[in-house]
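A.B. asks: There's a structure below that I have some questions on.
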Amino acid sequence: MSESIHQSTKDAADSDYSAERRRGHAVAVALELIASKATIAEGISLSRELDNLSSYADKIQEALKVK
């Protein structure tokens, strides 16, 4: 995992941050994942991936919740 994804994931789960800041970090992680996918996958639609950005960030935030 890249260092920036690792740090942003930790920050997205940090309860000391505001909800807005945690969301920003989740979006940053999603953008990093989209960028990584774009460099290795042929025929990726960046428009479609960016349309799904909010959904990806939602899933990241949900996955970071302690159960």
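Naming works like this for the structure tokens: A, B, ... for the chains as they're shown, residue 1 at the start of each chain, ligands 1 onward in shown order.
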I want to know what sits within 12 Å of Ser15 (chain A), based on only C-alpha atoms, with residues of the same chain fewer than 5 positions away left out; could you give that as a VMD selection string?
C.D. replies: chain A and resid 10 20 to 23 61 64 to 66
A.B. asks: May I have the residues within 12 Å of region 24-27 of chain A as a compact mmCIF listing (two decimals) with N, CA and C atoms, in the first residue's frame, using only C-alpha atoms and disregarding those fewer than 6 positions away in the same chain?
C.D. replies:
# COMPACT_ATOMS: atom_id res chain seq x y z
N SER A 4 0.92 7.26 1.04
CA SER A 4 -0.15 8.26 1.11
C SER A 4 -1.51 7.61 1.36
N ILE A 5 -1.75 6.44 0.78
CA ILE A 5 -3.01 5.73 1.04
C ILE A 5 -3.03 5.27 2.49
N HIS A 6 -1.93 4.75 2.95
CA HIS A 6 -1.85 4.27 4.33
C HIS A 6 -2.15 5.39 5.32
N GLN A 7 -1.51 6.54 5.14
CA GLN A 7 -1.72 7.67 6.05
C GLN A 7 -3.14 8.22 5.95
N SER A 8 -3.65 8.35 4.73
CA SER A 8 -5.00 8.87 4.56
C SER A 8 -6.04 7.94 5.16
N THR A 9 -5.80 6.63 5.06
CA THR A 9 -6.72 5.67 5.66
C THR A 9 -6.73 5.81 7.17
N LYS A 10 -5.55 5.96 7.77
CA LYS A 10 -5.47 6.18 9.21
C LYS A 10 -6.20 7.46 9.60
N ASP A 11 -5.98 8.52 8.82
CA ASP A 11 -6.61 9.80 9.12
C ASP A 11 -8.13 9.75 8.94
N ALA A 12 -8.60 8.97 7.97
CA ALA A 12 -10.04 8.84 7.75
C ALA A 12 -10.73 8.16 8.91
N ALA A 13 -9.99 7.38 9.68
CA ALA A 13 -10.57 6.68 10.82
C ALA A 13 -10.33 7.40 12.15
N ASP A 14 -9.55 8.47 12.13
CA ASP A 14 -9.16 9.16 13.37
C ASP A 14 -10.32 9.95 13.95
N TYR A 17 -10.42 13.87 14.41
CA TYR A 17 -10.70 14.78 13.29
C TYR A 17 -12.19 15.01 13.15
N SER A 18 -12.54 16.15 12.56
CA SER A 18 -13.95 16.43 12.28
C SER A 18 -14.46 15.47 11.21
N LEU A 33 -6.86 5.26 -5.20
CA LEU A 33 -7.20 3.95 -5.77
C LEU A 33 -7.61 4.07 -7.23
N ILE A 34 -8.38 5.10 -7.56
CA ILE A 34 -8.77 5.33 -8.95
C ILE A 34 -7.53 5.59 -9.80
N LEU A 50 -14.93 8.62 -11.59
CA LEU A 50 -15.16 9.83 -10.80
C LEU A 50 -16.62 9.98 -10.41
N ASN A 52 -18.34 7.57 -9.51
CA ASN A 52 -18.46 6.63 -8.38
C ASN A 52 -17.64 7.05 -7.17
N LEU A 53 -16.95 8.17 -7.25
CA LEU A 53 -16.04 8.61 -6.18
C LEU A 53 -16.74 8.67 -4.82
N SER A 54 -17.89 9.28 -4.75
CA SER A 54 -18.61 9.40 -3.49
C SER A 54 -18.97 8.04 -2.92
N SER A 55 -19.40 7.14 -3.78
CA SER A 55 -19.74 5.79 -3.36
C SER A 55 -18.51 5.06 -2.82
N TYR A 56 -17.37 5.22 -3.48
CA TYR A 56 -16.13 4.60 -3.00
C TYR A 56 -15.76 5.16 -1.63
N ALA A 57 -15.87 6.47 -1.47
CA ALA A 57 -15.54 7.09 -0.18
C ALA A 57 -16.49 6.59 0.91
N ASP A 58 -17.78 6.45 0.56
CA ASP A 58 -18.75 5.91 1.52
C ASP A 58 -18.33 4.52 1.98
N LYS A 59 -17.93 3.69 1.04
CA LYS A 59 -17.53 2.31 1.36
C LYS A 59 -16.27 2.28 2.21
N ILE A 60 -15.34 3.17 1.92
CA ILE A 60 -14.11 3.26 2.72
C ILE A 60 -14.45 3.66 4.14
N GLN A 61 -15.29 4.68 4.30
CA GLN A 61 -15.67 5.12 5.64
C GLN A 61 -16.41 4.01 6.39
N GLU A 62 -17.28 3.30 5.71
CA GLU A 62 -18.02 2.22 6.36
C GLU A 62 -17.06 1.10 6.78
N ALA A 63 -16.10 0.80 5.95
CA ALA A 63 -15.14 -0.27 6.27
C ALA A 63 -14.25 0.11 7.46
N LEU A 64 -14.05 1.40 7.69
CA LEU A 64 -13.19 1.83 8.79
C LEU A 64 -13.90 1.87 10.14
A.B. asks: Among chain A, which residues does DSSP mark as helix (DSSP H, G or I) when it is run on the backbone? Keep the chain and numbering as in the structure and answer as a PDB file with C-alpha atoms, in the first residue's frame.
C.D. replies:
ATOM      1  CA  GLU A   3       2.395   5.571   2.045  1.00  0.00           C
ATOM      2  CA  SER A   4      -0.148   8.263   1.110  1.00  0.00           C
ATOM      3  CA  ILE A   5      -3.010   5.732   1.041  1.00  0.00           C
ATOM      4  CA  HIS A   6      -1.848   4.266   4.330  1.00  0.00           C
ATOM      5  CA  GLN A   7      -1.719   7.670   6.050  1.00  0.00           C
ATOM      6  CA  SER A   8      -5.004   8.875   4.556  1.00  0.00           C
ATOM      7  CA  THR A   9      -6.724   5.668   5.657  1.00  0.00           C
ATOM      8  CA  LYS A  10      -5.475   6.175   9.214  1.00  0.00           C
ATOM      9  CA  ASP A  11      -6.614   9.802   9.122  1.00  0.00           C
ATOM     10  CA  ALA A  12     -10.042   8.844   7.749  1.00  0.00           C
ATOM     11  CA  ALA A  13     -10.569   6.680  10.822  1.00  0.00           C
ATOM     12  CA  ALA A  19     -16.377  14.481  10.107  1.00  0.00           C
ATOM     13  CA  GLU A  20     -15.504  16.761   7.197  1.00  0.00           C
ATOM     14  CA  ARG A  21     -11.797  16.114   7.569  1.00  0.00           C
ATOM     15  CA  ARG A  22     -12.316  12.352   7.864  1.00  0.00           C
ATOM     16  CA  ARG A  23     -14.465  12.493   4.714  1.00  0.00           C
ATOM     17  CA  GLY A  24     -11.750  14.400   2.904  1.00  0.00           C
ATOM     18  CA  HIS A  25      -9.254  11.688   3.763  1.00  0.00           C
ATOM     19  CA  ALA A  26     -11.646   8.963   2.593  1.00  0.00           C
ATOM     20  CA  VAL A  27     -12.063  10.800  -0.704  1.00  0.00           C
ATOM     21  CA  ALA A  28      -8.265  11.092  -0.995  1.00  0.00           C
ATOM     22  CA  VAL A  29      -7.940   7.328  -0.545  1.00  0.00           C
ATOM     23  CA  ALA A  30     -10.607   6.726  -3.198  1.00  0.00           C
ATOM     24  CA  LEU A  31      -8.825   9.080  -5.614  1.00  0.00           C
ATOM     25  CA  GLU A  32      -5.518   7.271  -5.016  1.00  0.00           C
ATOM     26  CA  LEU A  33      -7.198   3.954  -5.766  1.00  0.00           C
ATOM     27  CA  ILE A  34      -8.769   5.334  -8.953  1.00  0.00           C
ATOM     28  CA  ALA A  35      -5.387   6.725 -10.031  1.00  0.00           C
ATOM     29  CA  SER A  36      -3.710   3.382  -9.360  1.00  0.00           C
ATOM     30  CA  LYS A  37      -6.375   1.556 -11.328  1.00  0.00           C
ATOM     31  CA  ALA A  38      -6.048   3.999 -14.215  1.00  0.00           C
ATOM     32  CA  THR A  39      -2.327   3.317 -14.539  1.00  0.00           C
ATOM     33  CA  ILE A  40      -2.739  -0.453 -14.839  1.00  0.00           C
ATOM     34  CA  LEU A  46     -12.213   8.051 -15.654  1.00  0.00           C
ATOM     35  CA  SER A  47     -15.556   9.785 -15.982  1.00  0.00           C
ATOM     36  CA  ARG A  48     -17.362   6.699 -14.677  1.00  0.00           C
ATOM     37  CA  GLU A  49     -14.805   6.211 -11.917  1.00  0.00           C
ATOM     38  CA  LEU A  50     -15.155   9.833 -10.796  1.00  0.00           C
ATOM     39  CA  ASP A  51     -18.943   9.486 -10.885  1.00  0.00           C
ATOM     40  CA  LEU A  53     -16.044   8.606  -6.178  1.00  0.00           C
ATOM     41  CA  SER A  54     -18.614   9.403  -3.487  1.00  0.00           C
ATOM     42  CA  SER A  55     -19.741   5.786  -3.357  1.00  0.00           C
ATOM     43  CA  TYR A  56     -16.134   4.601  -3.005  1.00  0.00           C
ATOM     44  CA  ALA A  57     -15.540   7.091  -0.181  1.00  0.00           C
ATOM     45  CA  ASP A  58     -18.754   5.905   1.521  1.00  0.00           C
ATOM     46  CA  LYS A  59     -17.533   2.312   1.356  1.00  0.00           C
ATOM     47  CA  ILE A  60     -14.107   3.261   2.717  1.00  0.00           C
ATOM     48  CA  GLN A  61     -15.673   5.119   5.640  1.00  0.00           C
ATOM     49  CA  GLU A  62     -18.019   2.218   6.355  1.00  0.00           C
ATOM     50  CA  ALA A  63     -15.136  -0.268   6.274  1.00  0.00           C
ATOM     51  CA  LEU A  64     -13.193   1.835   8.786  1.00  0.00           C
TER      52      LEU A  64
END
